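Heads up, the thing below is written out as structure tokens.
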Amino acid sequence: MQEMLSLELLGLGKDQEAVYRSLLAESTEGVEELAARLGITESRVRAALDHLVDLELLRPSRDVPGMLRAVSPETGFETILRRQEAELLRRQQELLRSKETVARTVAAYAAERPASPLEDAERLIGLDAIQNRLEALARDLTEECCSIEPGGAQSQASLDAARPLDERALDRGVALRTIYQDSARNDAATLGYARWHTEHGGQIRTCPETPPRMLIFDRRIAVVPIDPANTRLGALCTASPGIVAPLLALFEQTWEMAVPLGADHRACTGGTDGLSPVEHSLLKLLGSGLTDEAAAKRLGVSLRTVRRQMAALMERLNASSRFEAGLKAAQRGWLT
């Protein structure tokens, strides 16, 4: 069953595989002989032969003009794999270009359309405007604030601005739940702030990847960047239930997968493959077509770290190329 599955992945159906195996064993058989041996119609044999020629598993015979010869599996399958690898790379590049086009279009639309009171939303342009709105929302907090802080290490300016707001909220008994990326554990300032936060009653969790930055106040009001890739466009503050509800659901889903700050995140892989959460996410990101630079940004780590971890994974998988590493990782179930 596993062998058959592999040949299907290479583009060989039942007829093509049967014809190919027969020609490997007896290269002089014609259409009639193949049909009789395999118990299928001559039209199906011809269709299989045409497909095998397209895959370059059959080539014209130099010994018998007009006949086809079967290419060895080692040569033929390697050719198919190289072709599939090139096609996969092309499709991944097209997908990346499509994502970039969509992101630019959405950002332009958000920046150009006028604010409407019907949307129950407010655009905040500039760090001062954003900070003023956050301070006002923090003063009115009564129950809970949920936030996602991507990008690994947080700037000292951001930490300094957040501390007094968090301290006042915690003193009032407000529940604060924050999600950082795992890479934040490697930054002394961010880790120190997170520990202070938990010591005062807040809850901090981390995960390899996070959604874009968001803050949700009392499950009613959300503040998100207009364009996560360009924070200079400002932020959007909205109380629209149609926006807040899915953002809150996304936060809760991420929270369930994240690891509490006091836990050993390296041991919480959720499986038996022995991969760390970051390694698992790295494989999935690179397998989806992201470049090293884009993967590093998504994980909040340096480009050097991504390349070092990928080299270690390739060595662990005994793979000579990233394509081969992806195949072997998928076979081991590491990409699920």
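Naming scheme: A, B, ... for chains in displayed order of the structure tokens; residues 1 onward per chain; ligands 1 onward as shown.
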
Name all residues at most 8 Å from Ile125 in chain A (count only C-alpha atoms; drop same-chain ones fewer than 6 positions away) and give them as a ChimeraX atom specification. /A:232-235

If we count only C-alpha atoms and set the cut-off at 10 Å, which residues sit around Pro60 in chain A, ignoring sequence neighbours fewer than 5 positions away in its own chain? Please answer as an mmCIF file with all heavy atoms, in the first residue's frame.
data_model
loop_
_atom_site.group_PDB
_atom_site.id
_atom_site.type_symbol
_atom_site.label_atom_id
_atom_site.label_comp_id
_atom_site.auth_asym_id
_atom_site.auth_seq_id
_atom_site.Cartn_x
_atom_site.Cartn_y
_atom_site.Cartn_z
ATOM 1 N N VAL A 53 5.200 8.363 -21.533
ATOM 2 C CA VAL A 53 6.107 9.157 -22.376
ATOM 3 C C VAL A 53 6.166 10.586 -21.868
ATOM 4 O O VAL A 53 7.245 11.200 -21.794
ATOM 5 C CB VAL A 53 5.643 9.116 -23.849
ATOM 6 C CG1 VAL A 53 6.420 10.142 -24.684
ATOM 7 C CG2 VAL A 53 5.837 7.725 -24.432
ATOM 8 N N PRO A 65 13.637 0.514 -33.866
ATOM 9 C CA PRO A 65 12.913 1.733 -34.276
ATOM 10 C C PRO A 65 11.405 1.542 -34.177
ATOM 11 O O PRO A 65 10.864 0.495 -34.520
ATOM 12 C CB PRO A 65 13.355 1.919 -35.733
ATOM 13 C CG PRO A 65 14.680 1.232 -35.815
ATOM 14 C CD PRO A 65 14.576 0.049 -34.899
ATOM 15 N N GLY A 66 10.731 2.581 -33.689
ATOM 16 C CA GLY A 66 9.283 2.525 -33.541
ATOM 17 C C GLY A 66 8.818 1.943 -32.228
ATOM 18 O O GLY A 66 7.630 1.985 -31.924
ATOM 19 N N MET A 67 9.723 1.380 -31.434
ATOM 20 C CA MET A 67 9.373 0.808 -30.134
ATOM 21 C C MET A 67 9.809 1.773 -29.021
ATOM 22 O O MET A 67 10.605 2.696 -29.240
ATOM 23 C CB MET A 67 10.057 -0.543 -29.943
ATOM 24 C CG MET A 67 9.587 -1.608 -30.909
ATOM 25 S SD MET A 67 7.858 -2.078 -30.622
ATOM 26 C CE MET A 67 8.010 -2.937 -29.052
ATOM 27 N N LEU A 68 9.254 1.550 -27.846
ATOM 28 C CA LEU A 68 9.605 2.344 -26.674
ATOM 29 C C LEU A 68 10.374 1.489 -25.679
ATOM 30 O O LEU A 68 10.108 0.289 -25.558
ATOM 31 C CB LEU A 68 8.339 2.890 -26.001
ATOM 32 C CG LEU A 68 7.513 3.889 -26.822
ATOM 33 C CD1 LEU A 68 6.176 4.159 -26.135
ATOM 34 C CD2 LEU A 68 8.273 5.195 -27.010
ATOM 35 N N ARG A 69 11.299 2.122 -24.996
ATOM 36 C CA ARG A 69 12.047 1.420 -23.944
ATOM 37 C C ARG A 69 11.725 2.055 -22.598
ATOM 38 O O ARG A 69 11.465 3.269 -22.498
ATOM 39 C CB ARG A 69 13.550 1.484 -24.193
ATOM 40 C CG ARG A 69 14.136 2.875 -24.094
ATOM 41 C CD ARG A 69 15.654 2.858 -24.276
ATOM 42 N NE ARG A 69 16.196 4.211 -24.230
ATOM 43 C CZ ARG A 69 16.576 4.828 -23.114
ATOM 44 N NH1 ARG A 69 16.438 4.197 -21.942
ATOM 45 N NH2 ARG A 69 17.063 6.046 -23.153
ATOM 46 N N ALA A 70 11.732 1.246 -21.556
ATOM 47 C CA ALA A 70 11.459 1.741 -20.204
ATOM 48 C C ALA A 70 12.739 2.304 -19.600
ATOM 49 O O ALA A 70 13.784 1.656 -19.607
ATOM 50 C CB ALA A 70 10.911 0.629 -19.334
ATOM 51 N N VAL A 71 12.653 3.524 -19.107
ATOM 52 C CA VAL A 71 13.779 4.143 -18.403
ATOM 53 C C VAL A 71 13.875 3.527 -17.008
ATOM 54 O O VAL A 71 12.855 3.203 -16.385
ATOM 55 C CB VAL A 71 13.571 5.669 -18.315
ATOM 56 C CG1 VAL A 71 14.690 6.333 -17.522
ATOM 57 C CG2 VAL A 71 13.469 6.269 -19.717
#

Which of range 53-292 of chain A fall in strand (DSSP E or B), as JSON, numbers by chain: {"A": [58, 59, 60, 68, 69, 70, 121, 122, 123, 124, 144, 145, 146, 147, 148, 149, 175, 176, 177, 178, 179, 180, 181, 203, 204, 205, 206, 207, 214, 215, 216, 217, 221, 222, 223, 224, 225, 235, 236, 237, 238, 259, 260]}

Please report, as JSON lines, each residue of range 91-182 of chain A lying at most 12 Å from range 186-189 of chain A, together with the nearest pair of atoms and the separation in Å rounded to one decimal; use only C-alpha atoms, and order rows by chain and ascending residue number.
{"residue": "A:Gly151", "atom": "CA", "partner": "A:Asp187", "partner_atom": "CA", "distance": 11.3}
{"residue": "A:Gly152", "atom": "CA", "partner": "A:Asp187", "partner_atom": "CA", "distance": 7.8}
{"residue": "A:Ala153", "atom": "CA", "partner": "A:Asp187", "partner_atom": "CA", "distance": 5.6}
{"residue": "A:Gln154", "atom": "CA", "partner": "A:Ala189", "partner_atom": "CA", "distance": 7.9}
{"residue": "A:Ser155", "atom": "CA", "partner": "A:Ala189", "partner_atom": "CA", "distance": 8.5}
{"residue": "A:Gln156", "atom": "CA", "partner": "A:Ala189", "partner_atom": "CA", "distance": 7.3}
{"residue": "A:Ala157", "atom": "CA", "partner": "A:Ala189", "partner_atom": "CA", "distance": 10.9}
{"residue": "A:Ser158", "atom": "CA", "partner": "A:Ala189", "partner_atom": "CA", "distance": 11.0}
{"residue": "A:Leu159", "atom": "CA", "partner": "A:Ala189", "partner_atom": "CA", "distance": 8.4}
{"residue": "A:Asp160", "atom": "CA", "partner": "A:Ala189", "partner_atom": "CA", "distance": 10.5}
{"residue": "A:Tyr180", "atom": "CA", "partner": "A:Asp187", "partner_atom": "CA", "distance": 11.5}
{"residue": "A:Gln181", "atom": "CA", "partner": "A:Asn186", "partner_atom": "CA", "distance": 10.1}
{"residue": "A:Asp182", "atom": "CA", "partner": "A:Asn186", "partner_atom": "CA", "distance": 8.0}

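Minimum distance to Ser72 in chain A across A:Leu24, A:Ala325, A:Ala184, A:Leu95 (counting only C-alpha atoms) occurs at A:Leu24.
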
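CA of Leu12 in chain A sits 16.2 Å away from CA of Arg59 in chain A.
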
A:Leu23, A:Leu165, A:Val301, A:Ala129: which is nearest Ser61 in chain A, counting only C-alpha atoms?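 Of the candidates, the smallest distance to Ser61 in chain A is held by A:Leu23.
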
When DSSP is applied to the backbone of this structure, which of range 113-176 of chain A are assigned helix (DSSP H, G or I)? Write them out as a PyMOL selection string. chain A and resi 117-119+127-139+156-171

Write out as an MDAnalysis selection string each polymer residue whose atoms come within 8 Å of range 35-38 of chain A, counting only C-alpha atoms; drop sequence neighbours fewer than 5 positions from it. chainID A and resid 18:19 45

If you keep N, CA, C and O atoms, can you produce a file of those selected residues as a compact mmCIF listing (two decimals), in the first residue's frame?
# COMPACT_ATOMS: atom_id res chain seq x y z
N ALA A 18 1.18 -0.56 -14.11
CA ALA A 18 1.20 -1.92 -14.63
C ALA A 18 1.96 -2.00 -15.95
O ALA A 18 2.76 -2.92 -16.18
N VAL A 19 1.70 -1.05 -16.84
CA VAL A 19 2.39 -1.04 -18.14
C VAL A 19 3.88 -0.81 -17.94
O VAL A 19 4.72 -1.47 -18.57
N VAL A 45 -4.14 0.78 -22.74
CA VAL A 45 -2.69 0.60 -22.85
C VAL A 45 -2.07 1.80 -23.57
O VAL A 45 -1.05 2.35 -23.12

With distances taken over only C-alpha atoms, which residue among A:Leu141, A:Thr231, A:Gly202, A:Ala162 lies nearest Ile216 in chain A?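 Residue with the minimum atom-to-atom distance to Ile216 in chain A: A:Leu141.
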
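Of the listed residues A:Glu315, A:Met310, A:Val244, A:Asp227, the one whose atoms come nearest to Thr105 in chain A is A:Asp227, with distances taken using only C-alpha atoms.
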
Residues within 12 Å of range 209-212 of chain A, please, as a VMD selection string. Count only C-alpha atoms; anything in the same chain fewer than 4 positions from it doesn't count. chain A and resid 147 to 152 178 to 184 205 223 to 231 235 247 to 255 257 to 259 277 to 282 284 to 285 295 to 301

Go ahead and write the selection's residues with C-alpha atoms as a PDB file, in the first residue's frame.
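Final output, part_16.pdb:
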ATOM      1  CA  SER A 147      -3.354  40.837  24.210  1.00  0.00           C
ATOM      2  CA  ILE A 148      -1.022  39.276  21.659  1.00  0.00           C
ATOM      3  CA  GLU A 149       2.486  40.712  21.361  1.00  0.00           C
ATOM      4  CA  PRO A 150       4.299  39.216  18.345  1.00  0.00           C
ATOM      5  CA  GLY A 151       7.880  39.762  17.280  1.00  0.00           C
ATOM      6  CA  GLY A 152       9.805  38.175  20.136  1.00  0.00           C
ATOM      7  CA  THR A 178      -0.835  38.089  27.300  1.00  0.00           C
ATOM      8  CA  ILE A 179       0.691  35.911  24.579  1.00  0.00           C
ATOM      9  CA  TYR A 180       4.307  36.402  23.515  1.00  0.00           C
ATOM     10  CA  GLN A 181       6.366  34.437  21.012  1.00  0.00           C
ATOM     11  CA  ASP A 182       8.746  31.781  22.355  1.00  0.00           C
ATOM     12  CA  SER A 183      11.697  33.869  21.195  1.00  0.00           C
ATOM     13  CA  ALA A 184      10.746  36.508  23.798  1.00  0.00           C
ATOM     14  CA  ARG A 205       1.971  32.313  27.720  1.00  0.00           C
ATOM     15  CA  VAL A 223      -7.299  47.607  18.982  1.00  0.00           C
ATOM     16  CA  VAL A 224      -5.389  46.153  16.023  1.00  0.00           C
ATOM     17  CA  PRO A 225      -2.877  47.529  13.511  1.00  0.00           C
ATOM     18  CA  ILE A 226      -4.401  48.659  10.229  1.00  0.00           C
ATOM     19  CA  ASP A 227      -1.569  46.811   8.470  1.00  0.00           C
ATOM     20  CA  PRO A 228       0.598  44.484  10.605  1.00  0.00           C
ATOM     21  CA  ALA A 229       3.404  44.803   8.040  1.00  0.00           C
ATOM     22  CA  ASN A 230       3.416  48.621   8.246  1.00  0.00           C
ATOM     23  CA  THR A 231       2.665  49.974  11.716  1.00  0.00           C
ATOM     24  CA  ALA A 235      -4.225  51.286  14.451  1.00  0.00           C
ATOM     25  CA  LEU A 247     -10.538  38.329  17.114  1.00  0.00           C
ATOM     26  CA  LEU A 248     -11.447  37.018  20.556  1.00  0.00           C
ATOM     27  CA  ALA A 249     -11.950  33.501  19.154  1.00  0.00           C
ATOM     28  CA  LEU A 250      -8.522  33.712  17.510  1.00  0.00           C
ATOM     29  CA  PHE A 251      -6.965  34.802  20.800  1.00  0.00           C
ATOM     30  CA  GLU A 252      -8.596  31.934  22.719  1.00  0.00           C
ATOM     31  CA  GLN A 253      -7.446  29.401  20.132  1.00  0.00           C
ATOM     32  CA  THR A 254      -3.884  30.692  20.333  1.00  0.00           C
ATOM     33  CA  TRP A 255      -4.049  30.785  24.136  1.00  0.00           C
ATOM     34  CA  MET A 257      -1.979  26.146  22.157  1.00  0.00           C
ATOM     35  CA  ALA A 258       0.454  28.414  24.016  1.00  0.00           C
ATOM     36  CA  VAL A 259       2.636  27.346  26.948  1.00  0.00           C
ATOM     37  CA  PRO A 277       7.712  23.991  18.971  1.00  0.00           C
ATOM     38  CA  VAL A 278       9.943  26.402  17.051  1.00  0.00           C
ATOM     39  CA  GLU A 279      11.417  23.589  14.910  1.00  0.00           C
ATOM     40  CA  HIS A 280       7.938  22.264  14.161  1.00  0.00           C
ATOM     41  CA  SER A 281       6.708  25.721  13.145  1.00  0.00           C
ATOM     42  CA  LEU A 282       9.855  26.340  11.093  1.00  0.00           C
ATOM     43  CA  LYS A 284       5.653  24.152   8.382  1.00  0.00           C
ATOM     44  CA  LEU A 285       6.533  27.737   7.428  1.00  0.00           C
ATOM     45  CA  ALA A 295      10.090  32.673   8.457  1.00  0.00           C
ATOM     46  CA  ALA A 296      12.500  34.481  10.789  1.00  0.00           C
ATOM     47  CA  LYS A 297      10.130  37.443  10.971  1.00  0.00           C
ATOM     48  CA  ARG A 298       7.118  35.210  11.674  1.00  0.00           C
ATOM     49  CA  LEU A 299       8.980  33.394  14.468  1.00  0.00           C
ATOM     50  CA  GLY A 300      10.521  36.537  15.935  1.00  0.00           C
ATOM     51  CA  VAL A 301      14.069  35.205  15.609  1.00  0.00           C
TER      52      VAL A 301
END

Figure out the distance between CA of Leu127 in chain A and CA of Glu199 in chain A, please, to one decimal in Å. 28.6 Å

Measure the distance from CA of Cys145 in chain A to CA of Leu176 in chain A in Å and round it to one decimal.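 Atom-to-atom, CA of Cys145 in chain A to CA of Leu176 in chain A, that is 5.0 Å.
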